[in-house]
Every structure is written in C-alpha cells, then in structure tokens.
>>> print(open('start.cif').read())   # mmCIF, C-alpha atoms and all ligand atoms
data_my_file
#
loop_
_atom_site.group_PDB
_atom_site.id
_atom_site.type_symbol
_atom_site.label_atom_id
_atom_site.label_comp_id
_atom_site.auth_asym_id
_atom_site.auth_seq_id
_atom_site.Cartn_x
_atom_site.Cartn_y
_atom_site.Cartn_z
ATOM 1 C CA MET C 1366 49.646 -75.061 -73.881
ATOM 2 C CA LYS C 1367 46.717 -72.655 -74.243
ATOM 3 C CA PHE C 1368 47.305 -70.682 -71.050
ATOM 4 C CA THR C 1369 51.055 -70.093 -71.037
ATOM 5 C CA ASP C 1370 51.855 -66.841 -69.186
ATOM 6 C CA GLN C 1371 48.215 -66.360 -68.146
ATOM 7 C CA LYS C 1372 47.331 -65.867 -64.499
ATOM 8 C CA VAL C 1373 44.299 -67.917 -63.483
ATOM 9 C CA ILE C 1374 42.592 -67.524 -60.099
ATOM 10 C CA ILE C 1375 40.442 -70.416 -58.902
ATOM 11 C CA THR C 1376 38.496 -69.971 -55.667
ATOM 12 C CA GLY C 1377 38.145 -73.212 -53.740
ATOM 13 C CA GLY C 1378 40.862 -74.436 -56.068
ATOM 14 C CA THR C 1379 42.334 -76.946 -53.636
ATOM 15 C CA ARG C 1380 39.651 -79.651 -53.376
ATOM 16 C CA GLY C 1381 37.045 -81.350 -55.570
ATOM 17 C CA LEU C 1382 36.151 -79.614 -58.826
ATOM 18 C CA GLY C 1383 38.485 -76.726 -58.068
ATOM 19 C CA ARG C 1384 41.439 -79.048 -57.589
ATOM 20 C CA ALA C 1385 40.800 -80.744 -60.943
ATOM 21 C CA ALA C 1386 40.561 -77.296 -62.550
ATOM 22 C CA SER C 1387 43.812 -76.138 -60.912
ATOM 23 C CA LEU C 1388 45.627 -79.216 -62.248
ATOM 24 C CA ALA C 1389 44.077 -78.826 -65.712
ATOM 25 C CA PHE C 1390 45.082 -75.151 -66.027
ATOM 26 C CA LEU C 1391 48.583 -75.903 -64.710
ATOM 27 C CA GLY C 1392 48.783 -78.616 -67.371
ATOM 28 C CA GLU C 1393 48.014 -75.965 -69.997
ATOM 29 C CA GLY C 1394 50.844 -73.719 -68.834
ATOM 30 C CA ALA C 1395 48.904 -71.263 -66.630
ATOM 31 C CA ARG C 1396 50.139 -69.594 -63.460
ATOM 32 C CA VAL C 1397 47.411 -70.742 -61.076
ATOM 33 C CA GLN C 1398 46.468 -69.087 -57.801
ATOM 34 C CA ALA C 1399 44.179 -71.461 -55.916
ATOM 35 C CA THR C 1400 42.362 -70.110 -52.881
ATOM 36 C CA TYR C 1401 40.776 -72.020 -50.016
ATOM 37 C CA ARG C 1402 38.977 -71.292 -46.752
ATOM 38 C CA GLY C 1403 40.985 -73.217 -44.148
ATOM 39 C CA ASN C 1404 41.958 -76.767 -45.096
ATOM 40 C CA GLU C 1405 45.753 -76.449 -45.270
ATOM 41 C CA GLU C 1406 46.259 -80.186 -45.626
ATOM 42 C CA ALA C 1407 44.192 -80.348 -48.829
ATOM 43 C CA ALA C 1408 46.053 -77.323 -50.175
ATOM 44 C CA GLU C 1409 49.435 -78.977 -49.556
ATOM 45 C CA GLU C 1410 48.143 -82.179 -51.144
ATOM 46 C CA LEU C 1411 47.383 -80.190 -54.301
ATOM 47 C CA ARG C 1412 50.917 -78.832 -54.281
ATOM 48 C CA SER C 1413 52.350 -82.349 -54.302
ATOM 49 C CA LEU C 1414 49.898 -83.531 -56.974
ATOM 50 C CA ALA C 1415 51.013 -80.649 -59.188
ATOM 51 C CA GLY C 1416 54.539 -82.137 -59.375
ATOM 52 C CA GLU C 1417 56.922 -79.978 -61.354
ATOM 53 C CA ASN C 1418 54.060 -77.620 -62.295
ATOM 54 C CA ALA C 1419 53.926 -76.585 -58.620
ATOM 55 C CA GLU C 1420 56.404 -73.817 -59.398
ATOM 56 C CA ARG C 1421 53.513 -72.104 -61.221
ATOM 57 C CA LEU C 1422 51.053 -72.717 -58.352
ATOM 58 C CA THR C 1423 50.274 -70.228 -55.551
ATOM 59 C CA LEU C 1424 48.082 -71.273 -52.634
ATOM 60 C CA THR C 1425 46.246 -68.533 -50.753
ATOM 61 C CA ARG C 1426 43.973 -68.766 -47.748
ATOM 62 C CA CYS C 1427 41.106 -66.343 -48.339
ATOM 63 C CA ASP C 1428 37.497 -66.687 -47.224
ATOM 64 C CA VAL C 1429 35.545 -65.333 -50.199
ATOM 65 C CA SER C 1430 32.565 -64.429 -48.015
ATOM 66 C CA GLN C 1431 34.638 -61.870 -46.073
ATOM 67 C CA GLU C 1432 34.951 -58.519 -47.820
ATOM 68 C CA ASP C 1433 38.119 -57.498 -45.936
ATOM 69 C CA GLN C 1434 39.886 -60.744 -46.919
ATOM 70 C CA VAL C 1435 38.862 -60.425 -50.571
ATOM 71 C CA ASN C 1436 39.950 -56.775 -50.698
ATOM 72 C CA ALA C 1437 43.313 -57.743 -49.180
ATOM 73 C CA PHE C 1438 43.599 -60.532 -51.772
ATOM 74 C CA TRP C 1439 43.171 -58.089 -54.684
ATOM 75 C CA GLU C 1440 45.474 -55.535 -53.084
ATOM 76 C CA GLU C 1441 48.178 -58.171 -53.029
ATOM 77 C CA ILE C 1442 47.531 -59.022 -56.693
ATOM 78 C CA GLY C 1443 48.015 -55.304 -57.420
ATOM 79 C CA ASP C 1444 48.734 -54.622 -61.071
ATOM 80 C CA GLN C 1445 49.647 -58.194 -62.045
ATOM 81 C CA PRO C 1446 47.332 -58.903 -64.995
ATOM 82 C CA VAL C 1447 44.758 -61.609 -64.281
ATOM 83 C CA SER C 1448 43.342 -63.407 -67.327
ATOM 84 C CA VAL C 1449 40.856 -65.770 -65.698
ATOM 85 C CA LEU C 1450 38.800 -65.853 -62.490
ATOM 86 C CA ILE C 1451 36.864 -69.006 -61.682
ATOM 87 C CA ASN C 1452 34.304 -68.485 -58.909
ATOM 88 C CA ASN C 1453 34.177 -72.081 -57.763
ATOM 89 C CA ALA C 1454 34.203 -71.924 -53.935
ATOM 90 C CA GLY C 1455 30.891 -73.189 -52.673
ATOM 91 C CA ILE C 1456 29.152 -74.908 -49.776
ATOM 92 C CA ARG C 1457 25.870 -76.703 -49.057
ATOM 93 C CA ARG C 1458 23.873 -76.529 -45.824
ATOM 94 C CA ASP C 1459 20.727 -78.494 -46.717
ATOM 95 C CA ALA C 1460 17.478 -78.443 -44.716
ATOM 96 C CA LEU C 1461 13.797 -78.269 -45.547
ATOM 97 C CA LEU C 1462 12.756 -74.631 -45.491
ATOM 98 C CA PRO C 1463 10.645 -74.656 -42.298
ATOM 99 C CA LEU C 1464 13.613 -76.163 -40.461
ATOM 100 C CA MET C 1465 16.306 -73.970 -42.002
ATOM 101 C CA GLY C 1466 18.027 -71.631 -39.584
ATOM 102 C CA ILE C 1467 19.123 -68.187 -40.682
ATOM 103 C CA ALA C 1468 22.790 -69.182 -40.214
ATOM 104 C CA ASP C 1469 22.459 -71.956 -42.821
ATOM 105 C CA TRP C 1470 20.658 -69.607 -45.204
ATOM 106 C CA GLN C 1471 23.169 -66.805 -44.733
ATOM 107 C CA SER C 1472 26.390 -68.823 -44.907
ATOM 108 C CA VAL C 1473 25.398 -70.385 -48.241
ATOM 109 C CA ILE C 1474 24.372 -67.040 -49.760
ATOM 110 C CA ASP C 1475 27.488 -65.346 -48.368
ATOM 111 C CA THR C 1476 29.899 -67.947 -49.746
ATOM 112 C CA ASN C 1477 28.318 -68.904 -53.069
ATOM 113 C CA LEU C 1478 26.785 -65.601 -54.154
ATOM 114 C CA THR C 1479 28.341 -62.716 -52.215
ATOM 115 C CA GLY C 1480 31.754 -64.391 -52.501
ATOM 116 C CA GLY C 1481 31.356 -64.496 -56.285
ATOM 117 C CA PHE C 1482 30.319 -60.828 -56.324
ATOM 118 C CA LEU C 1483 33.290 -59.729 -54.199
ATOM 119 C CA MET C 1484 35.841 -61.710 -56.203
ATOM 120 C CA SER C 1485 34.354 -60.594 -59.529
ATOM 121 C CA ARG C 1486 34.458 -56.935 -58.452
ATOM 122 C CA GLY C 1487 38.211 -57.219 -57.934
ATOM 123 C CA ALA C 1488 38.638 -59.141 -61.187
ATOM 124 C CA VAL C 1489 36.696 -56.664 -63.323
ATOM 125 C CA LYS C 1490 38.780 -53.750 -61.997
ATOM 126 C CA ASN C 1491 41.923 -55.708 -62.853
ATOM 127 C CA MET C 1492 40.729 -56.853 -66.298
ATOM 128 C CA LEU C 1493 39.227 -53.588 -67.600
ATOM 129 C CA GLY C 1494 42.627 -52.038 -68.261
ATOM 130 C CA GLN C 1495 43.819 -55.096 -70.170
ATOM 131 C CA ARG C 1496 40.663 -55.185 -72.289
ATOM 132 C CA TYR C 1497 40.702 -58.944 -71.795
ATOM 133 C CA GLY C 1498 39.335 -61.327 -69.212
ATOM 134 C CA ARG C 1499 37.346 -64.466 -68.504
ATOM 135 C CA ILE C 1500 35.110 -64.732 -65.439
ATOM 136 C CA LEU C 1501 33.422 -68.059 -64.776
ATOM 137 C CA PHE C 1502 30.986 -69.222 -62.120
ATOM 138 C CA VAL C 1503 30.519 -72.843 -61.125
ATOM 139 C CA THR C 1504 26.764 -72.889 -60.659
ATOM 140 C CA SER C 1505 24.433 -75.900 -60.384
ATOM 141 C CA PRO C 1506 21.211 -77.364 -61.800
ATOM 142 C CA ALA C 1507 19.880 -76.587 -58.301
ATOM 143 C CA GLY C 1508 19.560 -72.996 -59.527
ATOM 144 C CA ARG C 1509 17.441 -74.006 -62.511
ATOM 145 C CA VAL C 1510 15.475 -77.149 -61.638
ATOM 146 C CA GLY C 1511 15.776 -76.993 -57.818
ATOM 147 C CA PHE C 1512 16.130 -79.847 -55.330
ATOM 148 C CA GLN C 1513 14.308 -80.469 -52.055
ATOM 149 C CA GLY C 1514 16.166 -79.169 -49.042
ATOM 150 C CA GLN C 1515 18.213 -76.723 -51.080
ATOM 151 C CA THR C 1516 16.308 -73.433 -51.058
ATOM 152 C CA ASN C 1517 19.440 -71.633 -49.838
ATOM 153 C CA TYR C 1518 21.773 -73.394 -52.266
ATOM 154 C CA GLY C 1519 19.328 -73.122 -55.199
ATOM 155 C CA ALA C 1520 18.825 -69.390 -54.550
ATOM 156 C CA SER C 1521 22.588 -68.825 -54.427
ATOM 157 C CA LYS C 1522 23.134 -70.745 -57.668
ATOM 158 C CA ALA C 1523 20.267 -69.007 -59.511
ATOM 159 C CA GLY C 1524 21.745 -65.739 -58.222
ATOM 160 C CA GLN C 1525 25.095 -66.572 -59.821
ATOM 161 C CA ILE C 1526 23.341 -67.003 -63.173
ATOM 162 C CA GLY C 1527 21.544 -63.643 -62.786
ATOM 163 C CA LEU C 1528 24.796 -61.939 -61.817
ATOM 164 C CA THR C 1529 26.486 -63.459 -64.875
ATOM 165 C CA ARG C 1530 23.724 -62.296 -67.255
ATOM 166 C CA SER C 1531 23.952 -58.707 -65.970
ATOM 167 C CA LEU C 1532 27.732 -58.460 -65.614
ATOM 168 C CA CYS C 1533 28.406 -59.772 -69.124
ATOM 169 C CA LYS C 1534 26.493 -56.792 -70.493
ATOM 170 C CA GLU C 1535 28.596 -54.353 -68.470
ATOM 171 C CA VAL C 1536 31.963 -55.699 -69.640
ATOM 172 C CA ALA C 1537 31.451 -57.312 -73.076
ATOM 173 C CA SER C 1538 32.728 -54.262 -74.976
ATOM 174 C CA ARG C 1539 36.015 -54.500 -73.052
ATOM 175 C CA GLY C 1540 36.861 -58.013 -74.200
ATOM 176 C CA ILE C 1541 35.706 -59.614 -70.951
ATOM 177 C CA THR C 1542 33.309 -62.555 -70.944
ATOM 178 C CA VAL C 1543 31.300 -63.871 -68.003
ATOM 179 C CA ASN C 1544 29.830 -67.362 -68.164
ATOM 180 C CA CYS C 1545 28.663 -70.224 -65.959
ATOM 181 C CA VAL C 1546 29.439 -73.910 -65.987
ATOM 182 C CA SER C 1547 26.718 -75.981 -64.377
ATOM 183 C CA PRO C 1548 27.925 -79.422 -63.284
ATOM 184 C CA GLY C 1549 25.418 -82.128 -62.435
ATOM 185 C CA PHE C 1550 26.254 -84.627 -59.705
ATOM 186 C CA ILE C 1551 30.024 -84.846 -59.494
ATOM 187 C CA ALA C 1552 31.771 -87.193 -57.087
ATOM 188 C CA THR C 1553 33.490 -84.852 -54.604
ATOM 189 C CA GLU C 1554 33.527 -84.358 -50.831
ATOM 190 C CA LEU C 1555 30.619 -81.932 -51.230
ATOM 191 C CA LEU C 1556 28.330 -84.957 -51.655
ATOM 192 C CA ASP C 1557 29.951 -87.063 -48.907
ATOM 193 C CA ASP C 1558 27.088 -86.546 -46.466
ATOM 194 C CA LEU C 1559 24.352 -87.755 -48.845
ATOM 195 C CA PRO C 1560 22.698 -91.000 -47.693
ATOM 196 C CA GLU C 1561 23.245 -94.094 -49.893
ATOM 197 C CA ASP C 1562 19.583 -94.329 -50.933
ATOM 198 C CA LEU C 1563 19.554 -90.708 -52.097
ATOM 199 C CA ILE C 1564 22.759 -91.277 -54.092
ATOM 200 C CA ARG C 1565 21.115 -94.276 -55.796
ATOM 201 C CA GLU C 1566 18.019 -92.165 -56.545
ATOM 202 C CA TYR C 1567 20.110 -89.288 -57.936
ATOM 203 C CA LYS C 1568 22.130 -91.678 -60.133
ATOM 204 C CA LYS C 1569 18.909 -93.108 -61.580
ATOM 205 C CA SER C 1570 17.773 -89.560 -62.421
ATOM 206 C CA VAL C 1571 20.858 -88.901 -64.556
ATOM 207 C CA PRO C 1572 20.363 -90.021 -68.172
ATOM 208 C CA ALA C 1573 24.091 -90.913 -68.309
ATOM 209 C CA ARG C 1574 23.399 -93.224 -65.287
ATOM 210 C CA ARG C 1575 26.541 -92.138 -63.464
ATOM 211 C CA PHE C 1576 27.990 -89.214 -61.548
ATOM 212 C CA GLY C 1577 30.453 -87.018 -63.426
ATOM 213 C CA LYS C 1578 34.169 -86.668 -62.790
ATOM 214 C CA PRO C 1579 35.803 -83.382 -61.697
ATOM 215 C CA GLU C 1580 38.036 -83.589 -64.798
ATOM 216 C CA GLU C 1581 34.929 -83.519 -67.022
ATOM 217 C CA VAL C 1582 33.946 -80.180 -65.490
ATOM 218 C CA ALA C 1583 37.513 -78.862 -65.770
ATOM 219 C CA ALA C 1584 37.415 -79.525 -69.533
ATOM 220 C CA ALA C 1585 34.418 -77.168 -69.896
ATOM 221 C CA LEU C 1586 36.129 -74.515 -67.772
ATOM 222 C CA LEU C 1587 39.268 -74.734 -69.932
ATOM 223 C CA PHE C 1588 37.214 -74.116 -73.061
ATOM 224 C CA LEU C 1589 35.172 -71.171 -71.748
ATOM 225 C CA ALA C 1590 38.307 -69.613 -70.241
ATOM 226 C CA SER C 1591 40.205 -69.808 -73.525
ATOM 227 C CA SER C 1592 40.509 -67.119 -76.173
ATOM 228 C CA ASP C 1593 38.582 -69.484 -78.516
ATOM 229 C CA ALA C 1594 35.427 -68.718 -76.501
ATOM 230 C CA ALA C 1595 35.595 -64.948 -77.151
ATOM 231 C CA TYR C 1596 32.039 -64.684 -78.538
ATOM 232 C CA ILE C 1597 30.391 -66.826 -75.853
ATOM 233 C CA ASN C 1598 29.078 -64.475 -73.203
ATOM 234 C CA GLY C 1599 26.415 -64.663 -70.495
ATOM 235 C CA THR C 1600 25.686 -68.326 -71.068
ATOM 236 C CA THR C 1601 25.513 -71.437 -68.901
ATOM 237 C CA LEU C 1602 27.164 -74.611 -70.111
ATOM 238 C CA GLU C 1603 25.637 -77.676 -68.475
ATOM 239 C CA VAL C 1604 28.014 -80.534 -67.705
ATOM 240 C CA ALA C 1605 25.374 -82.726 -66.186
ATOM 241 C CA GLY C 1606 25.079 -85.990 -68.094
ATOM 242 C CA GLY C 1607 21.740 -84.903 -69.559
ATOM 243 C CA ILE C 1608 19.855 -83.865 -66.399
HETATM 244 P P1 LIG C 1701 34.278 -79.337 -52.224
HETATM 245 O O1 LIG C 1701 33.538 -79.287 -50.935
HETATM 246 O O2 LIG C 1701 34.908 -80.612 -52.661
HETATM 247 O O3 LIG C 1701 35.418 -78.171 -52.240
HETATM 248 C C1 LIG C 1701 35.063 -76.879 -51.879
HETATM 249 C C2 LIG C 1701 36.249 -75.934 -52.039
HETATM 250 O O4 LIG C 1701 35.755 -74.599 -51.789
HETATM 251 C C3 LIG C 1701 37.362 -76.154 -51.040
HETATM 252 O O5 LIG C 1701 38.601 -75.810 -51.640
HETATM 253 C C4 LIG C 1701 37.025 -75.163 -49.917
HETATM 254 O O6 LIG C 1701 38.149 -74.746 -49.126
HETATM 255 C C5 LIG C 1701 36.508 -74.018 -50.740
HETATM 256 N N1 LIG C 1701 35.653 -73.095 -49.962
HETATM 257 C C6 LIG C 1701 34.506 -73.375 -49.309
HETATM 258 N N2 LIG C 1701 34.048 -72.258 -48.695
HETATM 259 C C7 LIG C 1701 34.917 -71.269 -48.988
HETATM 260 C C8 LIG C 1701 35.016 -69.891 -48.627
HETATM 261 N N3 LIG C 1701 34.104 -69.289 -47.849
HETATM 262 N N4 LIG C 1701 36.067 -69.180 -49.101
HETATM 263 C C9 LIG C 1701 37.005 -69.757 -49.881
HETATM 264 N N5 LIG C 1701 36.978 -71.055 -50.240
HETATM 265 C C10 LIG C 1701 35.950 -71.801 -49.795
HETATM 266 O O7 LIG C 1701 33.209 -78.830 -53.306
HETATM 267 P P2 LIG C 1701 33.054 -79.200 -54.879
HETATM 268 O O8 LIG C 1701 34.368 -79.251 -55.517
HETATM 269 O O9 LIG C 1701 32.136 -80.346 -55.007
HETATM 270 O O10 LIG C 1701 32.234 -77.914 -55.371
HETATM 271 C C11 LIG C 1701 32.864 -76.827 -56.031
HETATM 272 C C12 LIG C 1701 31.771 -75.967 -56.647
HETATM 273 O O11 LIG C 1701 31.007 -76.739 -57.553
HETATM 274 C C13 LIG C 1701 30.780 -75.397 -55.623
HETATM 275 O O12 LIG C 1701 30.444 -74.075 -55.970
HETATM 276 C C14 LIG C 1701 29.575 -76.308 -55.787
HETATM 277 O O13 LIG C 1701 28.385 -75.648 -55.430
HETATM 278 C C15 LIG C 1701 29.635 -76.591 -57.266
HETATM 279 N N6 LIG C 1701 28.929 -77.787 -57.680
HETATM 280 C C16 LIG C 1701 29.306 -79.014 -57.213
HETATM 281 C C17 LIG C 1701 28.625 -80.147 -57.619
HETATM 282 C C18 LIG C 1701 28.969 -81.516 -57.146
HETATM 283 O O14 LIG C 1701 28.202 -82.446 -57.420
HETATM 284 N N7 LIG C 1701 30.086 -81.727 -56.465
HETATM 285 C C19 LIG C 1701 27.482 -80.040 -58.548
HETATM 286 C C20 LIG C 1701 27.190 -78.709 -58.996
HETATM 287 C C21 LIG C 1701 27.891 -77.637 -58.564
HETATM 288 P P3 LIG C 1701 38.611 -75.631 -47.827
HETATM 289 O O15 LIG C 1701 39.234 -76.877 -48.404
HETATM 290 O O16 LIG C 1701 39.592 -74.774 -47.124
HETATM 291 O O17 LIG C 1701 37.370 -75.931 -47.052
#
>>> encode(input="start.cif", output="structure tokens", more="lines below")
Ligand code: NDP
Amino acid sequence: MKFTDQKVIITGGTRGLGRAASLAFLGEGARVQATYRGNEEAAEELRSLAGENAERLTLTRCDVSQEDQVNAFWEEIGDQPVSVLINNAGIRRDALLPLMGIADWQSVIDTNLTGGFLMSRGAVKNMLGQRYGRILFVTSPAGRVGFQGQTNYGASKAGQIGLTRSLCKEVASRGITVNCVSPGFIATELLDDLPEDLIREYKKSVPARRFGKPEEVAAALLFLASSDAAYINGTTLEVAGGI
C-alpha cells in the first residue's frame, strides 16, 4: 500500500486511462479525487467498480479548460495536502490542417495544454508548503513523432512536455517532481472513432503488435508518483510497446 493517506487527483479519472489509474491508486491505499467534464454515468460506473475502496473516492465535475472551474476546484481543496496530480484529461479533434477549424484547434489546446497549466498552478501552490509533490502529465507520441491529422493534438502534447521540462526546474528544490508518461495506442473510447483499416495499420506499426491496456499505463503512473521516483524529474516515460 504505497499511497496510504496520500491524496491523489486524477483529471479525466473516470474513463479510459484515467479510470484504470483511479482504480490502481485506490488499490494502493490512496484517497483519489477523480474529475470529469460531464459524463455522470461513467463517473458512477467508476464508483461501483471501486467496490469497498469507493469510500476513498471523490468524484468531481470540473472542466479543466475553464479557469473559473479550476480555481473553484482548488479553493474547495483548500489546505488539504495533495501528494499527486495526474493531468490526464484529454481530447482529440482530428482533421488535416487546411480543413481544421479554429474551434477544433482551440478546444484541444484548451483542454490538453491550458487545462494542465491551470491544474498544475493550483497543485504547485498546494505542494510548495509541504515540500513534497508529484505532478504527472499523460502526453502522447503524437507530441514527439507526430501523426497526420493531429496538428492540434500533437502541438498540445509537445506543449505538455515543454511545460514539464520548465516546471520541474522551478520546483525541484522543494521536493516536487514533474514528469510525463507517454502511452502509445491504448484501447479506450478515445480511439473509438478510428476506422478499422487505420487501426490495423497502427497495430502493424507497433513493434509489440498490439494496443496497450490502460492498466499498463497506470503501472507507470504509480511508479513515477511514488516516493521511490524522487530523483526522476522532467522526463518522459514511454509506455508505447516500442513505437
Ligand atoms: P477517454 O476519452 O477514454 O477519457 C477522457 C477522460 O477525460 C474522461 O474522463 C473525460 O470526462 C475527461 N475529460 C475530457 N475533457 C475534459 C475536460 N475539459 N475537463 C475535464 N475532464 C475532461 O480518453 P483516454 O483515457 O484514452 O485518454 C486519457 C489521456 O491519455 C488523454 O490525455 C489522451 O490524450 C492520452 N493518451 C491516450 C492514448 C490512447 O491511445 N487512448 C494514447 C496516448 C495518450 P467525461 O467522461 O466527462 O467526458
């Protein structure tokens, strides 16, 4: 039980990778606060999956792209010490660049990048006094290698890595680490709209020849969020089957 008595905040913690992370941290004794944008049904489903650990689970509706909602979120946290923030909430709105509308560009940047900035700002203020903290971003190979149709998503994910590299230097002396986990193709609802032929092509491009499981990403998050990872700072751990 590596996280007993630790408060862990996971944005987008109710579905997909975030849900697996919420369950994994609950399994290690953490008090988990999982946020989501609007899907109440998925949030309640997580509560039932958590079983008896649900008494350590808080579900909070908070759109990370909205500054007023994020500020209200941290006001409610107040002086409760937060040990871990996982910036996991993310969306895709794919289109080739000449066809990409500003709304699709902006919503992806606002959620994936600005949302991570806003949540991290609250977390750093909370963690500085404790001289301890773990901030993690769930980024993507899209930010490093890039994929067609994902200029918005790739820019947001590369931005998360740049934010991580800078922020870790601001807070390292206070016992706070900031790192990224970069999952490859993981079977979640985020990929539901991909056509079958593209899924086959993507699978062939993965040396492991399969998509990953949300639990395999959660395992990396558990490690980087633990006190064992105290000297790992500003890095990106790829969980991508060799991509
Ligand atoms: P899902 O679509 O399965 O889940 C997304 C979660 O994020 C939901 O809980 C959703 O809430 C929440 N969310 C979305 N927008 C917001 C917002 N504005 N404010 C708060 N919460 C929000 O996605 P995945 O689990 O697949 O992805 C999680 C992260 O992993 C993302 O950052 C994604 O970019 C990254 N990633 C995913 C990969 C994959 O192959 N699946 C690969 C690499 C990276 P609600 O249920 O209310 O909509």
>>> residues_around(input="start.cif", residues="Ser1531 (chain C)", least_positions_apart="4", cutoff="12 Å", atoms="only C-alpha atoms", output="list of chain:residue names")
C:Phe1482, C:Gly1524, C:Gln1525, C:Ile1526, C:Gly1527, C:Glu1535, C:Val1536, C:Ala1537, C:Thr1542, C:Val1543, C:Asn1544, C:Asn1598, C:Gly1599, C:Thr1600
>>> closest_residue(input="start.cif", among="C:Arg1575, C:Arg1412, C:Arg1509, C:Arg1396", to="Ile1374 (chain C)", atoms="all atoms listed in the file")
C:Arg1396
>>> residues_near_ligand(input="start.cif", ligand="ligand LIG 1701 (chain C)", cutoff="8 Å", atoms="all atoms listed in the file", output="PyMOL selection string")
chain C and resi 1376-1384+1400-1405+1407-1408+1426-1431+1452-1457+1475-1477+1480+1502-1507+1518+1522+1547-1556+1576-1577+1579
>>> atom_distance(input="start.cif", atom1="CA of Ser1538 (chain C)", atom2="CA of Arg1496 (chain C)")
8.4 Å
>>> closest_residue(input="start.cif", among="C:Val1373, C:Leu1414, C:Ala1488, C:Ile1467", to="Asp1444 (chain C)", atoms="all atoms listed in the file")
C:Ala1488
>>> closest_residue(input="start.cif", among="C:Pro1572, C:Gln1513, C:Ile1474, C:Ala1594", to="Gly1607 (chain C)", atoms="all atoms listed in the file")
C:Pro1572
>>> residues_around(input="start.cif", residues="Ile1597 (chain C)", least_positions_apart="6", cutoff="12 Å", atoms="only C-alpha atoms", output="VMD selection string")
chain C and resid 1499 to 1501 1530 1533 1537 1540 to 1545 1588 to 1591
>>> atom_distance(input="start.cif", atom1="CA of Gly1394 (chain C)", atom2="CA of Val1449 (chain C)")
13.1 Å
>>> residues_near_point(input="start.cif", point="(50.2, -71.8, -73.0)", cutoff="9 Å", atoms="all atoms listed in the file", output="PyMOL selection string")
chain C and resi 1366-1371+1392-1395
>>> atom_distance(input="start.cif", atom1="CA of Leu1478 (chain C)", atom2="CA of Asp1557 (chain C)")
22.3 Å
>>> decode(input="start.cif", residues="region 1523-1545 of chain C", atoms="N, CA and C atoms", output="PDB file, in the first residue's frame")
ATOM      1  N   ALA C1523       3.121  18.052 -27.295  1.00  0.00           N
ATOM      2  CA  ALA C1523       4.504  18.560 -27.232  1.00  0.00           C
ATOM      3  C   ALA C1523       4.569  19.685 -26.196  1.00  0.00           C
ATOM      4  N   GLY C1524       3.512  20.493 -26.138  1.00  0.00           N
ATOM      5  CA  GLY C1524       3.454  21.580 -25.158  1.00  0.00           C
ATOM      6  C   GLY C1524       3.502  21.061 -23.736  1.00  0.00           C
ATOM      7  N   GLN C1525       2.839  19.940 -23.488  1.00  0.00           N
ATOM      8  CA  GLN C1525       2.874  19.355 -22.128  1.00  0.00           C
ATOM      9  C   GLN C1525       4.305  18.974 -21.748  1.00  0.00           C
ATOM     10  N   ILE C1526       5.056  18.469 -22.740  1.00  0.00           N
ATOM     11  CA  ILE C1526       6.441  18.060 -22.449  1.00  0.00           C
ATOM     12  C   ILE C1526       7.285  19.305 -22.154  1.00  0.00           C
ATOM     13  N   GLY C1527       7.096  20.377 -22.924  1.00  0.00           N
ATOM     14  CA  GLY C1527       7.827  21.622 -22.681  1.00  0.00           C
ATOM     15  C   GLY C1527       7.480  22.218 -21.329  1.00  0.00           C
ATOM     16  N   LEU C1528       6.201  22.178 -20.977  1.00  0.00           N
ATOM     17  CA  LEU C1528       5.770  22.691 -19.675  1.00  0.00           C
ATOM     18  C   LEU C1528       6.443  21.893 -18.546  1.00  0.00           C
ATOM     19  N   THR C1529       6.467  20.578 -18.725  1.00  0.00           N
ATOM     20  CA  THR C1529       7.081  19.689 -17.728  1.00  0.00           C
ATOM     21  C   THR C1529       8.559  20.015 -17.540  1.00  0.00           C
ATOM     22  N   ARG C1530       9.281  20.197 -18.659  1.00  0.00           N
ATOM     23  CA  ARG C1530      10.732  20.444 -18.593  1.00  0.00           C
ATOM     24  C   ARG C1530      11.017  21.753 -17.857  1.00  0.00           C
ATOM     25  N   SER C1531      10.179  22.773 -18.082  1.00  0.00           N
ATOM     26  CA  SER C1531      10.398  24.060 -17.413  1.00  0.00           C
ATOM     27  C   SER C1531       9.960  24.005 -15.954  1.00  0.00           C
ATOM     28  N   LEU C1532       8.778  23.454 -15.706  1.00  0.00           N
ATOM     29  CA  LEU C1532       8.236  23.468 -14.340  1.00  0.00           C
ATOM     30  C   LEU C1532       9.111  22.661 -13.386  1.00  0.00           C
ATOM     31  N   CYS C1533       9.685  21.550 -13.874  1.00  0.00           N
ATOM     32  CA  CYS C1533      10.488  20.721 -12.967  1.00  0.00           C
ATOM     33  C   CYS C1533      11.666  21.528 -12.422  1.00  0.00           C
ATOM     34  N   LYS C1534      12.153  22.462 -13.223  1.00  0.00           N
ATOM     35  CA  LYS C1534      13.298  23.267 -12.771  1.00  0.00           C
ATOM     36  C   LYS C1534      12.878  24.302 -11.727  1.00  0.00           C
ATOM     37  N   GLU C1535      11.614  24.727 -11.793  1.00  0.00           N
ATOM     38  CA  GLU C1535      11.126  25.700 -10.814  1.00  0.00           C
ATOM     39  C   GLU C1535      10.900  25.068  -9.442  1.00  0.00           C
ATOM     40  N   VAL C1536      10.546  23.777  -9.409  1.00  0.00           N
ATOM     41  CA  VAL C1536      10.062  23.193  -8.149  1.00  0.00           C
ATOM     42  C   VAL C1536      10.935  22.073  -7.581  1.00  0.00           C
ATOM     43  N   ALA C1537      11.987  21.677  -8.327  1.00  0.00           N
ATOM     44  CA  ALA C1537      12.786  20.512  -7.906  1.00  0.00           C
ATOM     45  C   ALA C1537      13.351  20.686  -6.498  1.00  0.00           C
ATOM     46  N   SER C1538      13.782  21.897  -6.162  1.00  0.00           N
ATOM     47  CA  SER C1538      14.427  22.099  -4.852  1.00  0.00           C
ATOM     48  C   SER C1538      13.426  21.990  -3.707  1.00  0.00           C
ATOM     49  N   ARG C1539      12.134  21.961  -4.036  1.00  0.00           N
ATOM     50  CA  ARG C1539      11.103  21.840  -2.994  1.00  0.00           C
ATOM     51  C   ARG C1539      10.540  20.425  -2.886  1.00  0.00           C
ATOM     52  N   GLY C1540      11.244  19.470  -3.436  1.00  0.00           N
ATOM     53  CA  GLY C1540      10.795  18.075  -3.311  1.00  0.00           C
ATOM     54  C   GLY C1540       9.644  17.712  -4.233  1.00  0.00           C
ATOM     55  N   ILE C1541       9.420  18.553  -5.243  1.00  0.00           N
ATOM     56  CA  ILE C1541       8.317  18.277  -6.188  1.00  0.00           C
ATOM     57  C   ILE C1541       8.915  17.821  -7.518  1.00  0.00           C
ATOM     58  N   THR C1542       8.395  16.743  -8.062  1.00  0.00           N
ATOM     59  CA  THR C1542       8.841  16.301  -9.384  1.00  0.00           C
ATOM     60  C   THR C1542       7.703  16.455 -10.390  1.00  0.00           C
ATOM     61  N   VAL C1543       8.092  16.674 -11.636  1.00  0.00           N
ATOM     62  CA  VAL C1543       7.120  16.844 -12.725  1.00  0.00           C
ATOM     63  C   VAL C1543       7.582  15.966 -13.884  1.00  0.00           C
ATOM     64  N   ASN C1544       6.790  15.021 -14.264  1.00  0.00           N
ATOM     65  CA  ASN C1544       7.179  14.084 -15.322  1.00  0.00           C
ATOM     66  C   ASN C1544       6.006  13.790 -16.240  1.00  0.00           C
ATOM     67  N   CYS C1545       6.319  13.181 -17.375  1.00  0.00           N
ATOM     68  CA  CYS C1545       5.276  12.758 -18.327  1.00  0.00           C
ATOM     69  C   CYS C1545       5.313  11.243 -18.499  1.00  0.00           C
TER      70      CYS C1545
END
